[in-house]
$ cat my_file-v4.tsv   # TSV, C-alpha atoms
chain	number	residue	atom	x	y	z
A	827	MET	CA	24.79	-1.21	-16.77
A	828	LYS	CA	21.30	-2.53	-17.58
A	829	GLN	CA	19.91	-1.35	-14.22
A	830	THR	CA	21.55	2.08	-14.61
A	831	LEU	CA	19.95	2.43	-18.04
A	832	LEU	CA	16.54	1.44	-16.65
A	833	ASN	CA	16.88	3.89	-13.74
A	834	ASN	CA	17.34	6.71	-16.22
A	835	ILE	CA	14.81	5.62	-18.84
A	836	LYS	CA	11.93	5.53	-16.37
A	837	ASN	CA	12.62	9.17	-15.43
A	838	ILE	CA	12.72	10.65	-18.94
A	839	TYR	CA	9.08	11.73	-18.93
A	840	GLY	CA	7.03	13.37	-16.23
A	841	TRP	CA	6.59	16.42	-14.05
A	842	LYS	CA	9.85	18.22	-13.24
A	843	THR	CA	11.11	20.16	-10.25
A	844	LYS	CA	14.53	21.33	-9.14
A	845	ARG	CA	13.57	20.61	-5.53
A	846	LYS	CA	14.79	17.32	-4.08
A	847	ILE	CA	11.53	15.72	-2.94
A	848	VAL	CA	11.29	12.25	-1.36
A	849	VAL	CA	7.97	10.44	-0.87
A	850	PHE	CA	7.57	7.01	0.77
A	851	SER	CA	4.51	5.17	-0.59
A	852	VAL	CA	4.06	2.04	1.52
A	853	ASP	CA	1.27	-0.45	0.79
A	854	ASP	CA	-0.89	-2.76	2.94
A	855	TYR	CA	-1.22	-0.97	6.26
A	856	GLY	CA	-4.37	-1.75	8.24
A	857	ASN	CA	-4.69	-5.14	6.57
A	858	VAL	CA	-5.07	-8.43	8.45
A	859	ARG	CA	-3.26	-11.08	6.43
A	860	LEU	CA	-1.53	-13.44	8.86
A	861	ASP	CA	-2.74	-13.48	12.47
A	862	SER	CA	0.11	-15.01	14.45
A	863	ILE	CA	2.85	-17.64	14.70
A	864	LYS	CA	0.25	-20.10	15.97
A	865	ALA	CA	-1.99	-19.41	12.98
A	866	ARG	CA	0.90	-19.97	10.57
A	867	LYS	CA	1.78	-23.30	12.20
A	868	ASN	CA	-1.85	-24.43	12.10
A	869	MET	CA	-2.10	-23.59	8.41
A	870	ASP	CA	1.21	-25.34	7.71
A	871	LYS	CA	-0.14	-28.51	9.33
A	872	ALA	CA	-3.31	-28.24	7.25
A	873	GLY	CA	-1.27	-28.17	4.05
A	874	LEU	CA	-1.47	-24.46	3.21
A	875	LYS	CA	1.73	-23.36	1.53
A	876	VAL	CA	3.90	-20.31	2.15
A	877	LEU	CA	3.92	-18.84	-1.33
A	878	SER	CA	5.64	-15.55	-0.49
A	879	ARG	CA	7.09	-13.49	2.35
A	880	PHE	CA	3.60	-12.02	2.78
A	881	ASP	CA	2.23	-15.46	3.67
A	882	ALA	CA	5.07	-15.97	6.14
A	883	LEU	CA	5.49	-12.57	7.82
A	884	ASP	CA	2.82	-9.98	6.93
A	885	THR	CA	0.75	-9.24	10.04
A	886	LEU	CA	-1.35	-6.30	11.15
A	887	GLU	CA	1.11	-3.73	12.49
A	888	THR	CA	1.71	-4.08	16.24
A	889	ARG	CA	2.45	-1.44	18.83
A	890	GLU	CA	6.16	-2.27	18.69
A	891	ASP	CA	6.15	-2.16	14.87
A	892	LEU	CA	4.83	1.41	14.98
A	893	GLU	CA	7.00	2.55	17.89
A	894	ILE	CA	10.18	1.44	16.14
A	895	LEU	CA	9.00	2.86	12.80
A	896	PHE	CA	8.21	6.25	14.35
A	897	GLU	CA	11.60	6.34	16.08
A	898	THR	CA	13.29	5.63	12.75
A	899	LEU	CA	11.32	8.23	10.76
A	900	SER	CA	12.05	10.82	13.46
A	901	SER	CA	15.79	10.05	13.45
A	902	VAL	CA	16.44	12.18	10.35
A	903	LYS	CA	15.40	15.70	9.37
A	904	ASP	CA	15.14	17.38	6.00
A	905	LYS	CA	16.12	20.96	5.09
A	906	ASN	CA	12.95	22.18	6.83
A	907	LYS	CA	13.73	20.23	10.04
A	908	ARG	CA	10.91	17.85	9.22
A	909	SER	CA	11.04	14.12	9.94
A	910	ALA	CA	10.64	11.55	7.20
A	911	VAL	CA	7.01	10.64	6.57
A	912	PHE	CA	5.29	7.48	5.38
A	913	THR	CA	2.22	7.57	3.16
A	914	PRO	CA	0.67	4.24	4.20
A	915	PHE	CA	-1.76	3.05	1.58
A	916	ALA	CA	-4.18	1.64	4.08
A	917	LEU	CA	-7.39	-0.32	4.43
A	918	PRO	CA	-10.23	0.82	6.72
A	919	CYS	CA	-11.88	-2.63	6.94
A	920	ASN	CA	-11.03	-6.28	7.49
A	921	ILE	CA	-12.81	-9.63	7.65
A	922	ASN	CA	-14.97	-9.99	10.76
A	923	PHE	CA	-13.81	-13.53	11.50
A	924	GLU	CA	-15.95	-13.97	14.62
A	925	ALA	CA	-19.19	-12.80	13.01
A	926	MET	CA	-18.58	-14.96	9.94
A	927	ALA	CA	-17.85	-18.05	12.06
A	928	LYS	CA	-21.00	-17.47	14.12
A	929	ASP	CA	-22.98	-17.33	10.88
A	930	GLY	CA	-21.37	-20.55	9.61
A	931	ASN	CA	-18.96	-18.86	7.20
A	932	ILE	CA	-21.67	-18.61	4.54
A	933	LYS	CA	-21.40	-14.90	3.74
A	934	TYR	CA	-18.82	-12.12	3.87
A	935	ILE	CA	-18.95	-9.75	6.86
A	936	TYR	CA	-16.46	-6.97	7.50
A	937	GLU	CA	-15.49	-4.79	10.44
A	938	THR	CA	-13.60	-1.49	10.72
A	939	LEU	CA	-9.94	-1.28	11.68
A	940	PRO	CA	-10.59	0.20	15.16
A	941	GLU	CA	-12.91	-2.75	15.84
A	942	THR	CA	-10.15	-5.12	14.74
A	943	TYR	CA	-7.67	-3.50	17.11
A	944	GLN	CA	-10.20	-3.57	19.96
A	945	LYS	CA	-10.54	-7.34	19.56
A	946	LEU	CA	-6.79	-7.85	19.30
A	947	GLU	CA	-6.17	-5.86	22.48
A	948	THR	CA	-8.16	-8.53	24.30
A	949	LYS	CA	-6.74	-11.47	22.35
A	950	ASP	CA	-3.06	-10.39	22.40
A	951	ALA	CA	-2.56	-7.37	24.68
A	952	ASN	CA	1.23	-7.71	24.67
A	953	ALA	CA	1.34	-7.02	20.95
A	954	TYR	CA	-1.68	-4.81	20.34
A	955	SER	CA	-2.60	-2.85	23.46
A	956	GLY	CA	-2.74	0.85	22.56
A	957	THR	CA	-1.82	0.33	18.90
A	958	TRP	CA	-4.77	2.21	17.43
A	959	ASN	CA	-4.05	5.19	19.70
A	960	LEU	CA	-0.45	5.08	18.48
A	961	TRP	CA	-1.71	5.09	14.89
A	962	GLN	CA	-3.60	8.31	15.62
A	963	GLU	CA	-0.55	9.86	17.27
A	964	GLY	CA	1.52	9.06	14.19
A	965	ILE	CA	-1.02	10.84	11.99
A	966	LYS	CA	-1.22	13.83	14.34
A	967	ASN	CA	2.57	14.15	14.52
A	968	GLY	CA	2.98	14.01	10.74
A	969	LEU	CA	4.83	10.70	10.59
A	970	LEU	CA	1.95	8.95	8.82
A	971	HIS	CA	-0.47	10.33	6.24
A	972	PRO	CA	-2.65	7.35	5.26
A	973	GLN	CA	-4.30	7.17	1.85
A	974	PHE	CA	-6.76	4.76	0.24
A	975	HIS	CA	-5.82	1.18	-0.72
A	976	GLY	CA	-9.35	-0.17	-1.03
A	977	ARG	CA	-12.02	-1.12	1.50
A	978	GLU	CA	-10.38	-4.48	2.25
A	979	HIS	CA	-7.44	-6.33	0.70
A	980	LEU	CA	-9.37	-9.16	-0.92
A	981	ASN	CA	-11.26	-9.88	-4.11
A	982	LEU	CA	-14.87	-10.29	-3.05
A	983	LYS	CA	-15.87	-12.28	-6.16
A	984	VAL	CA	-13.20	-14.89	-5.43
A	985	PHE	CA	-13.91	-14.81	-1.70
A	986	LYS	CA	-17.65	-15.44	-2.10
A	987	GLU	CA	-17.14	-18.20	-4.65
A	988	LYS	CA	-14.67	-20.00	-2.39
A	989	LEU	CA	-17.05	-19.64	0.54
A	990	HIS	CA	-19.80	-21.27	-1.53
A	991	GLN	CA	-17.40	-24.03	-2.59
A	992	LYS	CA	-16.35	-24.59	1.05
A	993	ASP	CA	-12.77	-24.23	-0.20
A	994	HIS	CA	-10.28	-25.92	2.13
A	995	GLU	CA	-7.64	-23.19	1.96
A	996	LEU	CA	-10.09	-20.38	2.61
A	997	ARG	CA	-11.90	-22.16	5.45
A	998	THR	CA	-8.59	-23.06	7.10
A	999	ALA	CA	-7.34	-19.47	6.82
A	1000	LEU	CA	-10.57	-18.09	8.27
A	1001	GLN	CA	-10.41	-20.53	11.18
A	1002	ASN	CA	-7.01	-19.01	11.96
A	1003	ARG	CA	-8.13	-15.36	11.66
A	1004	SER	CA	-6.05	-15.00	8.50
A	1005	TYR	CA	-6.47	-14.48	4.77
A	1006	THR	CA	-3.35	-15.84	3.16
A	1007	SER	CA	-1.84	-18.88	1.39
A	1008	ILE	CA	-4.65	-19.17	-1.17
A	1009	PHE	CA	-2.95	-20.99	-4.05
A	1010	LYS	CA	-5.32	-20.16	-6.92
A	1011	SER	CA	-8.13	-17.67	-7.39
A	1012	GLY	CA	-9.78	-19.63	-10.17
A	1013	TYR	CA	-9.25	-16.83	-12.71
A	1014	ASP	CA	-6.19	-15.89	-14.77
A	1015	THR	CA	-7.05	-12.20	-14.47
A	1016	ILE	CA	-7.90	-12.07	-10.76
A	1017	GLY	CA	-5.52	-12.16	-7.81
A	1018	TYR	CA	-7.21	-13.32	-4.60
A	1019	THR	CA	-5.99	-10.20	-2.75
A	1020	ALA	CA	-6.57	-7.82	-5.70
A	1021	ALA	CA	-9.79	-6.11	-4.69
A	1022	PHE	CA	-10.66	-4.59	-8.06
A	1023	ASP	CA	-9.65	-7.36	-10.46
A	1024	PHE	CA	-12.44	-8.84	-12.58
A	1025	TRP	CA	-13.15	-11.29	-15.39
A	1026	GLU	CA	-16.15	-9.81	-17.21
A	1027	GLU	CA	-16.23	-6.02	-17.59
A	1028	SER	CA	-19.83	-5.98	-16.26
A	1029	GLU	CA	-18.50	-7.03	-12.83
A	1030	ASN	CA	-17.27	-3.47	-12.35
A	1031	GLU	CA	-20.82	-2.40	-11.45
A	1032	VAL	CA	-20.52	-4.25	-8.13
A	1033	LEU	CA	-17.07	-2.79	-7.55
A	1034	LYS	CA	-18.50	0.74	-7.69
A	1035	ASP	CA	-20.46	0.13	-4.49
A	1036	ILE	CA	-17.35	-1.26	-2.78
A	1037	LEU	CA	-15.35	1.82	-3.79
A	1038	ILE	CA	-17.94	4.29	-2.47
A	1039	ASP	CA	-18.39	2.39	0.79
A	1040	GLY	CA	-14.63	1.99	1.16
A	1041	LEU	CA	-13.95	5.69	0.73
A	1042	ASN	CA	-16.66	6.54	3.26
A	1043	GLN	CA	-15.30	3.99	5.72
A	1044	PHE	CA	-11.79	5.40	5.19
A	1045	GLU	CA	-13.04	8.82	6.28
A	1046	ARG	CA	-14.74	7.37	9.36
A	1047	VAL	CA	-11.65	5.42	10.38
A	1048	TYR	CA	-8.82	7.85	9.57
A	1049	GLY	CA	-10.68	11.13	10.07
A	1050	TYR	CA	-10.50	12.71	6.60
A	1051	ARG	CA	-11.32	12.03	2.96
A	1052	ALA	CA	-8.64	10.24	0.96
A	1053	LYS	CA	-7.18	12.09	-2.02
A	1054	HIS	CA	-4.77	9.46	-3.34
A	1055	PHE	CA	-5.67	5.90	-4.34
A	1056	THR	CA	-3.35	2.96	-4.90
A	1057	PRO	CA	-5.41	-0.08	-5.89
A	1058	PRO	CA	-4.01	-3.43	-4.74
A	1059	THR	CA	-1.53	-4.50	-7.45
A	1060	THR	CA	-2.32	-1.08	-9.07
A	1061	LYS	CA	-5.22	-2.66	-10.98
A	1062	ILE	CA	-8.54	-0.92	-11.48
A	1063	HIS	CA	-10.62	-0.27	-14.60
A	1064	PRO	CA	-10.64	3.37	-15.84
A	1065	ILE	CA	-14.44	3.17	-15.81
A	1066	HIS	CA	-14.15	3.99	-12.09
A	1067	HIS	CA	-12.15	7.19	-12.50
A	1068	GLN	CA	-15.20	9.49	-12.64
A	1069	LEU	CA	-16.70	7.93	-9.51
A	1070	LEU	CA	-13.35	8.25	-7.72
A	1071	LYS	CA	-13.12	11.91	-8.75
A	1072	GLU	CA	-16.62	12.60	-7.45
A	1073	ASN	CA	-15.63	11.02	-4.13
A	1074	GLY	CA	-12.45	13.04	-3.59
A	1075	ILE	CA	-9.68	11.07	-5.32
A	1076	ASP	CA	-7.32	13.43	-7.19
A	1077	MET	CA	-4.34	11.06	-7.56
A	1078	ILE	CA	-4.10	7.45	-8.75
A	1079	ASP	CA	-1.06	5.19	-8.78
A	1080	ILE	CA	-0.28	3.30	-11.98
A	1081	ASN	CA	2.66	1.32	-13.35
A	1082	LEU	CA	5.14	2.82	-15.80
A	1083	ILE	CA	4.15	0.12	-18.29
A	1084	HIS	CA	0.57	-0.82	-17.48
A	1085	GLN	CA	-1.36	-3.80	-18.79
A	1086	GLN	CA	-5.01	-2.83	-18.37
A	1087	HIS	CA	-7.43	-5.75	-18.33
A	1088	ILE	CA	-10.49	-4.80	-20.36
A	1089	GLY	CA	-12.44	-8.03	-19.91
A	1090	SER	CA	-12.36	-11.78	-20.64
A	1091	GLY	CA	-8.57	-11.94	-20.64
A	1092	ARG	CA	-8.04	-9.09	-23.11
A	1093	TYR	CA	-5.52	-6.34	-22.26
A	1094	LYS	CA	-4.62	-2.86	-23.38
A	1095	LYS	CA	-1.08	-1.57	-22.84
A	1096	SER	CA	-0.17	1.98	-21.81
A	1097	THR	CA	2.98	3.90	-20.91
A	1098	ASN	CA	2.63	6.34	-18.00
A	1099	TYR	CA	4.51	8.97	-16.03
A	1100	THR	CA	4.00	11.09	-12.93
A	1101	GLY	CA	1.87	14.08	-13.87
A	1102	LYS	CA	-0.01	12.41	-16.71
A	1103	LYS	CA	-3.74	13.03	-16.41
A	1104	THR	CA	-6.64	10.61	-16.58
A	1105	LYS	CA	-9.53	11.53	-18.87
A	1106	THR	CA	-11.39	12.69	-15.76
A	1107	GLY	CA	-8.55	14.94	-14.59
A	1108	GLN	CA	-6.77	12.96	-11.88
A	1109	ILE	CA	-2.97	12.93	-11.72
A	1110	TYR	CA	-1.26	9.61	-12.34
A	1111	ILE	CA	1.59	8.82	-9.96
A	1112	VAL	CA	4.32	6.40	-11.07
A	1113	ARG	CA	6.67	5.20	-8.36
A	1114	ASN	CA	10.26	5.41	-9.58
A	1115	VAL	CA	12.22	3.90	-6.67
A	1116	VAL	CA	11.83	0.39	-5.24
A	1117	PHE	CA	12.76	-0.39	-1.62
A	1118	GLU	CA	11.95	-3.92	-0.40
A	1119	PRO	CA	14.73	-4.66	2.11
A	1120	THR	CA	13.37	-8.04	3.29
A	1121	HIS	CA	12.73	-9.39	-0.21
A	1122	LYS	CA	16.07	-10.80	-1.34
A	1123	ARG	CA	18.72	-12.22	0.95
A	1124	GLY	CA	22.17	-10.77	0.51
A	1125	PHE	CA	20.94	-7.99	-1.79
A	1126	ASP	CA	22.13	-4.44	-1.06
A	1127	TRP	CA	18.75	-2.69	-1.06
A	1128	VAL	CA	20.06	0.58	0.35
A	1129	ASN	CA	22.55	1.08	-2.45
A	1130	TYR	CA	20.06	-0.18	-5.05
A	1131	SER	CA	17.38	2.27	-3.93
A	1132	LEU	CA	19.82	5.14	-3.46
A	1133	LYS	CA	20.92	4.86	-7.10
A	1134	GLN	CA	17.29	5.12	-8.17
A	1135	VAL	CA	16.83	8.24	-6.02
A	1136	GLU	CA	19.95	9.67	-7.63
A	1137	ALA	CA	18.54	8.98	-11.12
A	1138	ALA	CA	15.24	10.65	-10.21
A	1139	PHE	CA	17.01	13.79	-9.00
A	1140	ARG	CA	19.30	13.80	-12.05
A	1141	TRP	CA	16.19	14.13	-14.24
A	1142	HIS	CA	14.60	16.65	-11.85
A	1143	ARG	CA	11.90	14.22	-10.72
A	1144	PRO	CA	10.60	13.60	-7.21
A	1145	ALA	CA	11.83	10.30	-5.76
A	1146	ILE	CA	8.68	8.27	-5.06
A	1147	ILE	CA	9.82	5.26	-3.08
A	1148	SER	CA	7.67	2.13	-3.26
A	1149	SER	CA	7.60	-0.32	-0.36
A	1150	HIS	CA	5.33	-2.65	1.63
A	1151	ARG	CA	4.45	-3.01	5.30
A	1152	VAL	CA	5.87	-6.55	5.41
A	1153	ASN	CA	9.38	-5.04	5.43
A	1154	PHE	CA	8.72	-3.53	8.85
A	1155	CYS	CA	6.71	-6.34	10.52
A	1156	GLY	CA	8.16	-8.11	13.55
A	1157	HIS	CA	5.18	-9.94	15.07
A	1158	ILE	CA	6.12	-13.28	13.48
A	1159	ASP	CA	9.89	-12.74	13.34
A	1160	PRO	CA	11.49	-9.72	15.05
A	1161	LYS	CA	14.58	-10.26	12.87
A	1162	ASN	CA	12.50	-9.42	9.78
A	1163	ARG	CA	11.58	-6.04	11.26
A	1164	GLU	CA	15.15	-5.49	12.46
A	1165	LYS	CA	16.46	-6.04	8.93
A	1166	GLY	CA	13.88	-3.75	7.32
A	1167	ILE	CA	14.21	-0.96	9.87
A	1168	LYS	CA	18.01	-1.08	9.80
A	1169	ALA	CA	17.93	-0.66	6.01
A	1170	LEU	CA	15.34	2.13	6.24
A	1171	LYS	CA	17.42	4.02	8.77
A	1172	GLU	CA	20.54	3.67	6.63
A	1173	LEU	CA	18.70	4.79	3.49
A	1174	LEU	CA	17.31	7.86	5.25
A	1175	LYS	CA	20.69	8.82	6.66
A	1176	ARG	CA	22.41	8.47	3.31
A	1177	ILE	CA	19.72	10.50	1.55
A	1178	VAL	CA	20.01	13.49	3.89
A	1179	ARG	CA	23.80	13.22	3.90
A	1180	LYS	CA	24.06	13.21	0.11
A	1181	TRP	CA	21.31	15.78	-0.49
A	1182	PRO	CA	21.08	18.15	2.50
A	1183	GLU	CA	18.46	20.14	0.55
A	1184	VAL	CA	16.08	17.16	0.46
A	1185	GLU	CA	12.42	17.61	1.43
A	1186	PHE	CA	10.24	14.82	2.82
A	1187	MET	CA	6.60	14.96	1.73
A	1188	SER	CA	3.52	12.78	1.86
A	1189	SER	CA	2.13	11.76	-1.51
A	1190	VAL	CA	-0.78	14.19	-1.16
A	1191	GLU	CA	1.59	17.07	-0.41
A	1192	LEU	CA	3.49	16.17	-3.57
A	1193	GLY	CA	0.26	16.21	-5.57
A	1194	GLU	CA	-0.77	19.56	-4.14
A	1195	PHE	CA	2.65	21.01	-4.92
A	1196	MET	CA	2.50	19.66	-8.48
A	1197	ASP	CA	-0.90	21.30	-8.97
A	1198	LYS	CA	0.30	24.61	-7.50
A	1199	ASP	CA	3.43	24.51	-9.67
A	1200	LYS	CA	1.38	23.90	-12.81
A	1201	ARG	CA	-0.99	26.76	-12.06
A	1202	GLN	CA	1.95	29.10	-11.39
A	1203	LYS	CA	3.59	28.18	-14.71
A	1204	ILE	CA	0.33	28.87	-16.55
A	1205	LYS	CA	0.07	32.21	-14.77
A	1206	ASP	CA	3.68	33.10	-15.63
A	1207	LYS	CA	3.03	32.39	-19.32
A	1208	GLY	CA	0.33	34.80	-19.50
$ encode --input "my_file-v4.tsv" --output "structure tokens"
Amino acid sequence: MKQTLLNNIKNIYGWKTKRKIVVFSVDDYGNVRLDSIKARKNMDKAGLKVLSRFDALDTLETREDLEILFETLSSVKDKNKRSAVFTPFALPCNINFEAMAKDGNIKYIYETLPETYQKLETKDANAYSGTWNLWQEGIKNGLLHPQFHGREHLNLKVFKEKLHQKDHELRTALQNRSYTSIFKSGYDTIGYTAAFDFWEESENEVLKDILIDGLNQFERVYGYRAKHFTPPTTKIHPIHHQLLKENGIDMIDINLIHQQHIGSGRYKKSTNYTGKKTKTGQIYIVRNVVFEPTHKRGFDWVNYSLKQVEAAFRWHRPAIISSHRVNFCGHIDPKNREKGIKALKELLKRIVRKWPEVEFMSSVELGEFMDKDKRQKIKDKG
């Protein structure tokens, strides 16, 4: 009863449409977190703890990960005979482990995603040969429409401080081509993977340069400017909205109930909905369906997510399904990918069976349709 009430409450406000639209917003693609089984074992021996499923299973997507994902997305069609589509919120850059090690791990150096894949093709051809080409095929064929998740999935303030401190966890992770199992960031307001978290508000000046460079690198890597931005953990100061707008970002993800850090541990609370505008004119997007099929053992994620889709449609909202790459990773444990993909396939089949009129869209297509719909309503009024 409580969950049913919540499913409905979170859809009361927001942009409406009678069309049955489904969007899959999936975080963390392009990110190197855990390198391999060997790396995980080495870190275990060194005392680094597995704090979450991300520490245990979240690897850069392999060729097989993408092949199986594409097969699954293509296995269903909407009313327009279109396959399901993922909007991967993706990173264009990762840690350049080799360059940093050569320099004594004294400063941060990054590389682009194609460079990462090029190295991995040599290091582990069985897993990664041809993966970047497959990425590009997925984009070309409309199965993937990547959008911006930051330049890299790490907080540079925390990273640099731990480098200077010669932090055991960080140095061990770097030695294993990974960035995971960091127990504490050193700050209550900063997650070690949350790229745009800060302590003092003045730190946002440095983050501006990272945002601009990240958006430019995204264009170089993926071939077009990003229009939609999901910050890691959905945290970024509104001071950046104007800069994001100037650099092509028209849509920003935010939580329904958002606790905005404004500096030195002080927060400001806001309630949000899909279609709400920032002061600089971007559309806020609030995900209203959760799908994390490898998160809880024995939990019926398909039924749980389907009920949330049903609630969204009942209130004439698009179903914006939130997920993470880790659900579809099989490099460490193929059974993890098998579980996630099986649930995804079942969810897709049940959606098209229950709502034959459903339409699959990328998040950007949804945003463009929302804008077009708004302009048409204004025109109709007068």
$ closest_residue --input "my_file-v4.tsv" --among "A:Arg1092, A:His1150, A:Lys1168, A:Arg908" --to "Val1116 of chain A" --atoms "only C-alpha atoms"
A:His1150
$ atom_distance --input "my_file-v4.tsv" --atom1 "atom CA of Ile932 of chain A" --atom2 "atom CA of Gly1040 of chain A"
22.0 Å
$ closest_atom_pairs --input "my_file-v4.tsv" --of "segment 965-1073 of chain A" --to "segment 838-850 of chain A" --cutoff "12 Å" --atoms "only C-alpha atoms" --output "JSON lines"
{"residue": "A:Leu969", "atom": "CA", "partner": "A:Phe850", "partner_atom": "CA", "distance": 10.8}
{"residue": "A:Leu970", "atom": "CA", "partner": "A:Phe850", "partner_atom": "CA", "distance": 10.0}
{"residue": "A:His971", "atom": "CA", "partner": "A:Phe850", "partner_atom": "CA", "distance": 10.3}
{"residue": "A:Pro972", "atom": "CA", "partner": "A:Phe850", "partner_atom": "CA", "distance": 11.2}
{"residue": "A:Gln973", "atom": "CA", "partner": "A:Phe850", "partner_atom": "CA", "distance": 11.9}
$ closest_residue --input "my_file-v4.tsv" --among "A:Cys1155, A:Met1196, A:Leu886, A:Ile1016" --to "Asn981 of chain A" --atoms "only C-alpha atoms"
A:Ile1016
$ residues_around --input "my_file-v4.tsv" --residues "Gln1085 of chain A" --least-positions-apart "4" --cutoff "12 Å" --atoms "all atoms listed in the file" --output "PyMOL selection string"
chain A and resi 1015+1059-1063+1080-1081+1089+1091-1098
$ residues_around --input "my_file-v4.tsv" --residues "Tyr1018 of chain A" --least-positions-apart "6" --cutoff "7 Å" --atoms "all atoms listed in the file" --output "ChimeraX atom specification"
/A:980-981,984,1011
$ residues_near_point --input "my_file-v4.tsv" --point "(0.8, 0.0, 25.2)" --cutoff "10 Å" --atoms "only C-alpha atoms" --output "short mmCIF file (atom, residue, chain, number, x, y, z; two decimals) with C-alpha atoms, keeping the file's coordinate frame"
data_model
loop_
_atom_site.label_atom_id
_atom_site.label_comp_id
_atom_site.auth_asym_id
_atom_site.auth_seq_id
_atom_site.Cartn_x
_atom_site.Cartn_y
_atom_site.Cartn_z
CA THR A 888 1.71 -4.08 16.24
CA ARG A 889 2.45 -1.44 18.83
CA GLU A 890 6.16 -2.27 18.69
CA GLU A 893 7.00 2.55 17.89
CA GLU A 947 -6.17 -5.86 22.48
CA ALA A 951 -2.56 -7.37 24.68
CA ASN A 952 1.23 -7.71 24.67
CA ALA A 953 1.34 -7.02 20.95
CA TYR A 954 -1.68 -4.81 20.34
CA SER A 955 -2.60 -2.85 23.46
CA GLY A 956 -2.74 0.85 22.56
CA THR A 957 -1.82 0.33 18.90
CA TRP A 958 -4.77 2.21 17.43
CA ASN A 959 -4.05 5.19 19.70
CA LEU A 960 -0.45 5.08 18.48
#
$ closest_residue --input "my_file-v4.tsv" --among "A:Glu963, A:Asp1159, A:Glu1164, A:Glu1191" --to "Ala882 of chain A" --atoms "all atoms listed in the file"
A:Asp1159
$ atom_distance --input "my_file-v4.tsv" --atom1 "atom CA of Lys875 of chain A" --atom2 "atom CA of Asp950 of chain A"
25.0 Å
$ closest_residue --input "my_file-v4.tsv" --among "A:Leu982, A:Leu1082, A:Ile1088, A:Leu1033" --to "Ile935 of chain A" --atoms "all atoms listed in the file"
A:Leu982
$ residues_around --input "my_file-v4.tsv" --residues "Tyr1005 of chain A" --least-positions-apart "6" --cutoff "9 Å" --atoms "all atoms listed in the file" --output "ChimeraX atom specification"
/A:858-861,881,921,980,996,999,1019
$ write_last_selection --input "my_file-v4.tsv" --atoms "C-alpha atoms" --output "compact mmCIF listing (two decimals), keeping the file's coordinate frame"
# COMPACT_ATOMS: atom_id res chain seq x y z
CA VAL A 858 -5.07 -8.43 8.45
CA ARG A 859 -3.26 -11.08 6.43
CA LEU A 860 -1.53 -13.44 8.86
CA ASP A 861 -2.74 -13.48 12.47
CA ASP A 881 2.23 -15.46 3.67
CA ILE A 921 -12.81 -9.63 7.65
CA LEU A 980 -9.37 -9.16 -0.92
CA LEU A 996 -10.09 -20.38 2.61
CA ALA A 999 -7.34 -19.47 6.82
CA THR A 1019 -5.99 -10.20 -2.75
